[in-house]
file query16.txt (compact mmCIF, C-alpha atoms)
# COMPACT_ATOMS: atom_id res chain seq x y z
CA ARG A 1 -2.51 -18.75 9.70
CA ARG A 2 -1.29 -21.13 7.05
CA GLY A 3 -0.46 -23.70 9.69
CA GLY A 4 3.31 -23.51 9.17
CA GLY A 5 6.19 -22.28 11.22
CA LEU A 6 7.38 -18.76 11.81
CA PHE A 7 9.78 -18.70 8.86
CA GLU A 8 7.75 -20.23 6.04
CA PRO A 9 9.36 -19.85 2.60
CA SER A 10 6.83 -17.23 1.45
CA GLY A 11 7.07 -15.09 4.58
CA ILE A 12 8.95 -11.86 5.14
CA PHE A 13 9.74 -10.95 8.70
CA VAL A 14 11.24 -7.63 9.65
CA THR A 15 11.96 -6.80 13.25
CA THR A 16 11.62 -3.09 13.75
CA PRO A 17 10.28 -1.05 16.66
CA ARG A 18 8.10 1.16 14.45
CA VAL A 19 4.45 1.67 15.36
CA GLY A 20 3.60 1.46 11.66
CA THR A 21 4.88 -2.11 11.58
CA ALA A 22 2.59 -3.00 14.48
CA VAL A 23 -0.36 -1.31 12.72
CA HIS A 24 0.43 -3.27 9.54
CA GLU A 25 0.54 -6.58 11.40
CA LEU A 26 -2.60 -5.79 13.41
CA VAL A 27 -4.51 -5.38 10.13
CA HIS A 28 -3.63 -9.00 9.34
CA GLU A 29 -4.74 -10.11 12.79
CA ARG A 30 -8.07 -8.30 12.38
CA VAL A 31 -8.63 -9.96 9.00
CA VAL A 32 -8.11 -13.36 10.62
CA GLU A 33 -10.30 -12.42 13.60
CA LEU A 34 -13.14 -11.45 11.27
CA GLY A 35 -12.70 -14.62 9.20
CA LEU A 36 -12.31 -12.61 5.99
CA ASP A 37 -11.00 -14.17 2.81
CA LEU A 38 -9.27 -11.26 1.11
CA PRO A 39 -7.02 -11.44 -1.92
CA LEU A 40 -3.42 -11.35 -0.68
CA TRP A 41 -2.59 -8.18 -2.64
CA PHE A 42 -5.62 -6.43 -1.12
CA GLU A 43 -4.86 -7.46 2.45
CA GLU A 44 -1.20 -6.48 2.11
CA GLY A 45 -2.15 -3.23 0.39
CA LEU A 46 -4.61 -2.31 3.11
CA ALA A 47 -2.03 -3.15 5.79
CA ALA A 48 0.63 -1.08 3.98
CA VAL A 49 -1.66 1.94 3.62
CA MET A 50 -2.82 1.80 7.23
CA GLY A 51 0.72 1.18 8.48
CA ASP A 52 2.07 4.35 6.88
CA GLY A 53 1.92 7.30 9.24
CA VAL A 54 3.22 8.60 12.56
CA GLN A 55 2.32 8.31 16.19
CA SER A 56 1.50 11.69 17.67
CA GLU A 57 0.27 12.41 21.16
CA GLY A 58 -0.62 8.76 21.69
CA ARG A 59 -2.64 8.29 18.52
CA TRP A 60 -1.87 6.91 15.08
CA VAL A 61 -2.08 9.46 12.26
CA MET A 62 -2.29 7.55 9.01
CA ASP A 63 -0.93 9.03 5.81
CA GLY A 64 -1.01 6.10 3.41
CA PHE A 65 1.55 7.21 0.82
CA ALA A 66 4.50 4.81 1.05
CA PHE A 67 7.42 6.36 -0.81
CA TRP A 68 9.63 3.28 -1.04
CA PRO A 69 7.08 1.12 -2.96
CA TRP A 70 6.22 4.11 -5.15
CA VAL A 71 9.85 4.70 -6.13
CA GLU A 72 10.53 1.00 -6.69
CA LEU A 73 7.40 0.38 -8.77
CA ARG A 74 8.02 3.48 -10.86
CA SER A 75 11.55 2.32 -11.64
CA ASP A 76 10.39 -1.16 -12.70
CA PRO A 77 6.60 -1.31 -13.18
CA PRO A 78 5.09 -4.77 -13.55
CA THR A 79 4.09 -5.90 -17.02
CA ASP A 80 0.51 -7.03 -17.57
CA SER A 81 1.52 -10.69 -17.22
CA GLU A 82 3.46 -9.96 -14.00
CA LEU A 83 0.54 -8.00 -12.58
CA LYS A 84 -1.92 -10.81 -13.42
CA HIS A 85 0.41 -13.25 -11.67
CA LEU A 86 0.70 -11.02 -8.56
CA LEU A 87 -3.06 -10.46 -8.34
CA ALA A 88 -3.63 -14.23 -8.48
CA ILE A 89 -1.30 -15.14 -5.58
CA ASP A 90 -3.18 -16.48 -2.60
CA SER A 91 -1.83 -16.33 0.96
CA ARG A 92 -1.81 -20.14 1.04
CA ASP A 93 0.25 -20.37 -2.17
CA ASP A 94 3.93 -21.11 -2.04
CA HIS A 95 5.57 -18.06 -3.61
CA SER A 96 8.97 -16.44 -3.72
CA VAL A 97 10.19 -13.67 -1.46
CA ARG A 98 10.35 -11.43 -4.56
CA ASP A 99 6.68 -12.12 -5.34
CA ASN A 100 5.80 -11.45 -1.70
CA VAL A 101 7.49 -8.04 -1.80
CA LEU A 102 5.85 -7.20 -5.13
CA VAL A 103 2.42 -8.26 -3.83
CA HIS A 104 2.91 -5.82 -0.93
CA PHE A 105 4.00 -3.02 -3.28
CA VAL A 106 1.31 -3.57 -5.93
CA GLY A 107 -1.35 -4.03 -3.26
CA TRP A 108 -0.28 -0.80 -1.61
CA ALA A 109 -0.44 1.12 -4.91
CA ILE A 110 -3.93 -0.15 -5.78
CA VAL A 111 -5.39 0.38 -2.29
CA PHE A 112 -3.72 3.79 -2.04
CA ASP A 113 -5.47 4.87 -5.25
CA CYS A 114 -8.79 3.83 -3.71
CA LEU A 115 -8.01 5.89 -0.61
CA ARG A 116 -6.92 8.88 -2.65
CA GLU A 117 -10.01 8.73 -4.85
CA THR A 118 -12.56 8.28 -2.07
CA GLY A 119 -10.89 10.07 0.83
CA HIS A 120 -12.06 7.40 3.30
CA LEU A 121 -11.05 3.96 4.57
CA ASP A 122 -14.22 2.09 3.62
CA TRP A 123 -12.12 -0.75 2.26
CA SER A 124 -15.10 -3.09 1.91
CA SER A 125 -16.55 -0.84 -0.80
CA TRP A 126 -13.21 -0.93 -2.67
CA LEU A 127 -13.09 -4.71 -2.50
CA ALA A 128 -16.72 -4.96 -3.64
CA GLU A 129 -15.91 -2.70 -6.59
CA PHE A 130 -12.96 -4.94 -7.55
CA ARG A 131 -15.01 -8.11 -7.23
CA THR A 132 -18.04 -6.83 -9.15
CA THR A 133 -16.33 -5.01 -11.99
CA LYS A 134 -16.46 -6.73 -15.38
CA ASP A 135 -12.72 -6.50 -15.91
CA SER A 136 -11.03 -6.66 -12.53
CA PHE A 137 -7.57 -6.75 -14.12
CA ALA A 138 -8.21 -3.46 -15.99
CA TRP A 139 -9.57 -1.97 -12.74
CA ALA A 140 -6.40 -2.94 -10.87
CA ARG A 141 -4.10 -1.83 -13.72
CA ALA A 142 -5.76 1.58 -13.95
CA ARG A 143 -5.44 2.13 -10.19
CA LEU A 144 -1.80 1.02 -10.19
CA ASP A 145 -1.00 3.30 -13.13
CA ARG A 146 -2.70 6.30 -11.48
CA THR A 147 -0.67 5.82 -8.31
CA LEU A 148 2.57 5.54 -10.29
CA LYS A 149 2.07 8.83 -12.15
CA GLU A 150 4.90 11.26 -11.60
CA SER A 151 2.48 13.86 -10.22
CA THR A 152 1.11 11.60 -7.46
CA ALA A 153 3.89 12.29 -4.94
CA ILE A 154 3.70 16.06 -5.47
CA GLU A 155 -0.09 16.10 -5.20
CA TRP A 156 -0.08 13.99 -2.01
CA LEU A 157 2.69 16.12 -0.49
CA GLU A 158 0.31 19.07 -0.46
CA ARG A 159 -0.66 17.56 2.89
CA VAL A 160 2.51 19.12 4.35
CA GLY A 161 0.49 22.35 4.36
CA ASP A 162 -2.19 20.86 6.63
CA PRO A 163 -2.84 22.84 9.84
CA ALA A 164 -2.34 19.70 11.97
CA PRO A 165 1.37 19.12 12.75
CA ALA A 166 0.94 15.32 12.86
CA VAL A 167 -0.59 15.29 9.38
CA ARG A 168 2.33 17.40 8.09
CA ILE A 169 4.89 15.07 9.67
CA ALA A 170 3.10 11.94 8.40
CA ALA A 171 3.00 13.37 4.89
CA ALA A 172 6.69 14.27 4.94
CA CYS A 173 7.93 10.93 6.33
CA GLY A 174 10.02 9.20 3.73
CA ALA A 175 9.52 11.87 1.06
CA TRP A 176 13.29 12.24 0.64
CA LYS A 177 13.28 8.74 -0.95
CA VAL A 178 11.80 10.21 -4.12
CA GLY A 179 15.05 12.07 -4.83
CA ASP A 180 13.20 14.76 -6.77
CA GLU A 181 14.03 18.48 -6.67
CA ASP A 182 10.35 19.46 -6.51
CA VAL A 183 9.80 17.17 -3.51
CA VAL A 184 12.85 18.58 -1.73
CA ALA A 185 11.60 22.13 -2.39
CA ILE A 186 8.21 21.26 -0.87
CA LEU A 187 9.87 19.77 2.19
CA LEU A 188 12.19 22.75 2.65
CA ASP A 189 9.32 25.23 2.28

call {"tool": "encode", "arguments": {"input": "query16.txt", "output": "structure tokens"}}
result
Amino acid sequence: RRGGGLFEPSGIFVTTPRVGTAVHELVHERVVELGLDLPLWFEEGLAAVMGDGVQSEGRWVMDGFAFWPWVELRSDPPTDSELKHLLAIDSRDDHSVRDNVLVHFVGWAIVFDCLRETGHLDWSSWLAEFRTTKDSFAWARARLDRTLKESTAIEWLERVGDPAPAVRIAAACGAWKVGDEDVVAILLD
């Protein structure tokens, strides 16, 4: 998309046979196909949210809560200046691998908060809200901070009580990464 080779300096490439990885990458392909110009953090966040789930009976069951970014961001949350820098990175910019990972994580956290608040995947309304708000940085910071609350993982894990087995499995995937006694108790119950 940027006209460079497969291993451009700002790219991260993981080879894994997970369906979620394919879903994540297909989001990027769809963005290109539609000719959309999305902020990098938003595109990566949307791809991360949609790529989190399980395949069950031939269909993708999205969950959206990615435990690894949540744990990592909680252990070292970005400062305001770091967050402003990450929100400003464009896909055509030359940026470090560290910034690329953080853009994925921060984007996931912000988009996940939109999903959690609205309960739907109408991502265009979330992007419109970001673009039209008076203080887009404060909007992004508030969403990031809400996702990183300690209670978020416990609240989202209530989905393990859903009647649909695939929803329960999708909610539980990766929950052990939190390393929290309450989370383990929920999973064991």

call {"tool": "residues_around", "arguments": {"input": "query16.txt", "residues": "Glu72 of chain A", "least_positions_apart": "5", "cutoff": "9 Å", "atoms": "all atoms listed in the file", "output": "PDB file with C-alpha atoms, keeping the file's coordinate frame"}}
result
ATOM      1  CA  PHE A  67       7.420   6.360  -0.810  1.00  0.00           C
ATOM      2  CA  PRO A  77       6.600  -1.310 -13.180  1.00  0.00           C
ATOM      3  CA  PHE A 105       4.000  -3.020  -3.280  1.00  0.00           C
TER       4      PHE A 105
END

call {"tool": "closest_residue", "arguments": {"input": "query16.txt", "among": "A:His95, A:Arg131, A:His85, A:Arg143", "to": "Phe112 of chain A", "atoms": "all atoms listed in the file"}}
result
A:Arg143

call {"tool": "closest_residue", "arguments": {"input": "query16.txt", "among": "A:Val183, A:Leu26, A:Leu83, A:Arg146", "to": "Val160 of chain A", "atoms": "all atoms listed in the file"}}
result
A:Val183

call {"tool": "atom_distance", "arguments": {"input": "query16.txt", "atom1": "atom CA of Val71 of chain A", "atom2": "atom CA of Trp108 of chain A"}}
result
12.4 Å

call {"tool": "closest_residue", "arguments": {"input": "query16.txt", "among": "A:Pro69, A:His120, A:Arg59, A:Asp52", "to": "Ala172 of chain A", "atoms": "all atoms listed in the file"}}
result
A:Asp52

call {"tool": "atom_distance", "arguments": {"input": "query16.txt", "atom1": "atom CA of Arg159 of chain A", "atom2": "atom CA of Ala171 of chain A"}}
result
5.9 Å

call {"tool": "closest_residue", "arguments": {"input": "query16.txt", "among": "A:Val61, A:Ile110, A:Val19, A:Leu38", "to": "Leu148 of chain A", "atoms": "all atoms listed in the file"}}
result
A:Ile110

call {"tool": "residues_around", "arguments": {"input": "query16.txt", "residues": "Ser91 of chain A", "least_positions_apart": "2", "cutoff": "7 Å", "atoms": "only C-alpha atoms", "output": "JSON, numbers by chain"}}
result
{"A": [40, 89, 93]}

call {"tool": "closest_residue", "arguments": {"input": "query16.txt", "among": "A:Pro39, A:Gly107, A:Gly20, A:Gly51", "to": "Thr147 of chain A", "atoms": "all atoms listed in the file"}}
result
A:Gly107

call {"tool": "atom_distance", "arguments": {"input": "query16.txt", "atom1": "atom CA of Ala166 of chain A", "atom2": "atom CA of Gly58 of chain A"}}
result
11.1 Å

call {"tool": "residues_around", "arguments": {"input": "query16.txt", "residues": "Trp126 of chain A", "least_positions_apart": "3", "cutoff": "8 Å", "atoms": "all atoms listed in the file", "output": "compact mmCIF listing (two decimals) with C-alpha atoms, in the frame of the given file"}}
result
# COMPACT_ATOMS: atom_id res chain seq x y z
CA VAL A 111 -5.39 0.38 -2.29
CA CYS A 114 -8.79 3.83 -3.71
CA ASP A 122 -14.22 2.09 3.62
CA TRP A 123 -12.12 -0.75 2.26
CA GLU A 129 -15.91 -2.70 -6.59
CA PHE A 130 -12.96 -4.94 -7.55

call {"tool": "closest_residue", "arguments": {"input": "query16.txt", "among": "A:Ala170, A:Ser75, A:Lys134, A:Thr152", "to": "Met62 of chain A", "atoms": "all atoms listed in the file"}}
result
A:Ala170

call {"tool": "axis_aligned_box", "arguments": {"input": "query16.txt", "around": "segment 165-183 of chain A", "padding_each_side": "3 Å", "output": "JSON"}}
result
{"center_x": 7.2, "center_y": 14.1, "center_z": 3.0, "size_x": 21.6, "size_y": 16.7, "size_z": 25.6}

call {"tool": "residues_around", "arguments": {"input": "query16.txt", "residues": "Arg18 of chain A", "least_positions_apart": "6", "cutoff": "12 Å", "atoms": "only C-alpha atoms", "output": "list in words"}}
result
His24, Glu25, Gly51, Asp52, Gly53, Val54, Gln55 and Trp60 of chain A

call {"tool": "build_atoms", "arguments": {"input": "query16.txt", "residues": "segment 127-154 of chain A", "atoms": "N, CA and C atoms", "output": "PDB file, in the frame of the given file"}}
result
ATOM      1  N   LEU A 127     -13.166  -3.291  -2.161  1.00  0.00           N
ATOM      2  CA  LEU A 127     -13.090  -4.710  -2.500  1.00  0.00           C
ATOM      3  C   LEU A 127     -14.324  -5.133  -3.294  1.00  0.00           C
ATOM      4  N   ALA A 128     -15.492  -4.637  -2.902  1.00  0.00           N
ATOM      5  CA  ALA A 128     -16.720  -4.960  -3.640  1.00  0.00           C
ATOM      6  C   ALA A 128     -16.629  -4.447  -5.068  1.00  0.00           C
ATOM      7  N   GLU A 129     -16.072  -3.254  -5.240  1.00  0.00           N
ATOM      8  CA  GLU A 129     -15.910  -2.700  -6.590  1.00  0.00           C
ATOM      9  C   GLU A 129     -14.996  -3.595  -7.421  1.00  0.00           C
ATOM     10  N   PHE A 130     -13.884  -4.045  -6.838  1.00  0.00           N
ATOM     11  CA  PHE A 130     -12.960  -4.940  -7.550  1.00  0.00           C
ATOM     12  C   PHE A 130     -13.664  -6.240  -7.937  1.00  0.00           C
ATOM     13  N   ARG A 131     -14.400  -6.805  -6.988  1.00  0.00           N
ATOM     14  CA  ARG A 131     -15.010  -8.110  -7.230  1.00  0.00           C
ATOM     15  C   ARG A 131     -16.194  -8.052  -8.187  1.00  0.00           C
ATOM     16  N   THR A 132     -16.851  -6.908  -8.298  1.00  0.00           N
ATOM     17  CA  THR A 132     -18.040  -6.830  -9.150  1.00  0.00           C
ATOM     18  C   THR A 132     -17.780  -6.197 -10.516  1.00  0.00           C
ATOM     19  N   THR A 133     -16.608  -5.621 -10.698  1.00  0.00           N
ATOM     20  CA  THR A 133     -16.330  -5.010 -11.990  1.00  0.00           C
ATOM     21  C   THR A 133     -16.168  -6.080 -13.058  1.00  0.00           C
ATOM     22  N   LYS A 134     -16.553  -5.755 -14.286  1.00  0.00           N
ATOM     23  CA  LYS A 134     -16.460  -6.730 -15.380  1.00  0.00           C
ATOM     24  C   LYS A 134     -15.033  -7.148 -15.656  1.00  0.00           C
ATOM     25  N   ASP A 135     -14.119  -6.205 -15.608  1.00  0.00           N
ATOM     26  CA  ASP A 135     -12.720  -6.500 -15.910  1.00  0.00           C
ATOM     27  C   ASP A 135     -11.867  -6.074 -14.719  1.00  0.00           C
ATOM     28  N   SER A 136     -11.750  -6.987 -13.760  1.00  0.00           N
ATOM     29  CA  SER A 136     -11.030  -6.660 -12.530  1.00  0.00           C
ATOM     30  C   SER A 136      -9.539  -6.391 -12.795  1.00  0.00           C
ATOM     31  N   PHE A 137      -8.975  -7.023 -13.806  1.00  0.00           N
ATOM     32  CA  PHE A 137      -7.570  -6.750 -14.120  1.00  0.00           C
ATOM     33  C   PHE A 137      -7.417  -5.298 -14.595  1.00  0.00           C
ATOM     34  N   ALA A 138      -8.286  -4.844 -15.490  1.00  0.00           N
ATOM     35  CA  ALA A 138      -8.210  -3.460 -15.990  1.00  0.00           C
ATOM     36  C   ALA A 138      -8.430  -2.474 -14.846  1.00  0.00           C
ATOM     37  N   TRP A 139      -9.322  -2.807 -13.911  1.00  0.00           N
ATOM     38  CA  TRP A 139      -9.570  -1.970 -12.740  1.00  0.00           C
ATOM     39  C   TRP A 139      -8.291  -1.826 -11.929  1.00  0.00           C
ATOM     40  N   ALA A 140      -7.636  -2.954 -11.652  1.00  0.00           N
ATOM     41  CA  ALA A 140      -6.400  -2.940 -10.870  1.00  0.00           C
ATOM     42  C   ALA A 140      -5.283  -2.219 -11.618  1.00  0.00           C
ATOM     43  N   ARG A 141      -5.153  -2.471 -12.919  1.00  0.00           N
ATOM     44  CA  ARG A 141      -4.100  -1.830 -13.720  1.00  0.00           C
ATOM     45  C   ARG A 141      -4.279  -0.322 -13.731  1.00  0.00           C
ATOM     46  N   ALA A 142      -5.504   0.143 -13.909  1.00  0.00           N
ATOM     47  CA  ALA A 142      -5.760   1.580 -13.950  1.00  0.00           C
ATOM     48  C   ALA A 142      -5.410   2.234 -12.607  1.00  0.00           C
ATOM     49  N   ARG A 143      -5.749   1.582 -11.511  1.00  0.00           N
ATOM     50  CA  ARG A 143      -5.440   2.130 -10.190  1.00  0.00           C
ATOM     51  C   ARG A 143      -3.933   2.140  -9.942  1.00  0.00           C
ATOM     52  N   LEU A 144      -3.257   1.080 -10.330  1.00  0.00           N
ATOM     53  CA  LEU A 144      -1.800   1.020 -10.190  1.00  0.00           C
ATOM     54  C   LEU A 144      -1.159   2.135 -11.012  1.00  0.00           C
ATOM     55  N   ASP A 145      -1.580   2.276 -12.245  1.00  0.00           N
ATOM     56  CA  ASP A 145      -1.000   3.300 -13.130  1.00  0.00           C
ATOM     57  C   ASP A 145      -1.244   4.715 -12.605  1.00  0.00           C
ATOM     58  N   ARG A 146      -2.428   4.967 -12.036  1.00  0.00           N
ATOM     59  CA  ARG A 146      -2.700   6.300 -11.480  1.00  0.00           C
ATOM     60  C   ARG A 146      -1.775   6.599 -10.301  1.00  0.00           C
ATOM     61  N   THR A 147      -1.559   5.611  -9.452  1.00  0.00           N
ATOM     62  CA  THR A 147      -0.670   5.820  -8.310  1.00  0.00           C
ATOM     63  C   THR A 147       0.760   6.082  -8.780  1.00  0.00           C
ATOM     64  N   LEU A 148       1.185   5.429  -9.837  1.00  0.00           N
ATOM     65  CA  LEU A 148       2.570   5.540 -10.290  1.00  0.00           C
ATOM     66  C   LEU A 148       2.843   6.769 -11.165  1.00  0.00           C
ATOM     67  N   LYS A 149       1.828   7.591 -11.407  1.00  0.00           N
ATOM     68  CA  LYS A 149       2.070   8.830 -12.150  1.00  0.00           C
ATOM     69  C   LYS A 149       3.093   9.682 -11.426  1.00  0.00           C
ATOM     70  N   GLU A 150       3.877  10.397 -12.175  1.00  0.00           N
ATOM     71  CA  GLU A 150       4.900  11.260 -11.600  1.00  0.00           C
ATOM     72  C   GLU A 150       4.299  12.313 -10.665  1.00  0.00           C
ATOM     73  N   SER A 151       3.115  12.787 -10.994  1.00  0.00           N
ATOM     74  CA  SER A 151       2.480  13.860 -10.220  1.00  0.00           C
ATOM     75  C   SER A 151       1.918  13.402  -8.875  1.00  0.00           C
ATOM     76  N   THR A 152       1.762  12.106  -8.676  1.00  0.00           N
ATOM     77  CA  THR A 152       1.110  11.600  -7.460  1.00  0.00           C
ATOM     78  C   THR A 152       1.825  12.051  -6.190  1.00  0.00           C
ATOM     79  N   ALA A 153       3.139  11.917  -6.153  1.00  0.00           N
ATOM     80  CA  ALA A 153       3.890  12.290  -4.940  1.00  0.00           C
ATOM     81  C   ALA A 153       3.732  13.768  -4.635  1.00  0.00           C
ATOM     82  N   ILE A 154       3.829  14.607  -5.668  1.00  0.00           N
ATOM     83  CA  ILE A 154       3.700  16.060  -5.470  1.00  0.00           C
ATOM     84  C   ILE A 154       2.305  16.403  -4.970  1.00  0.00           C
TER      85      ILE A 154
END
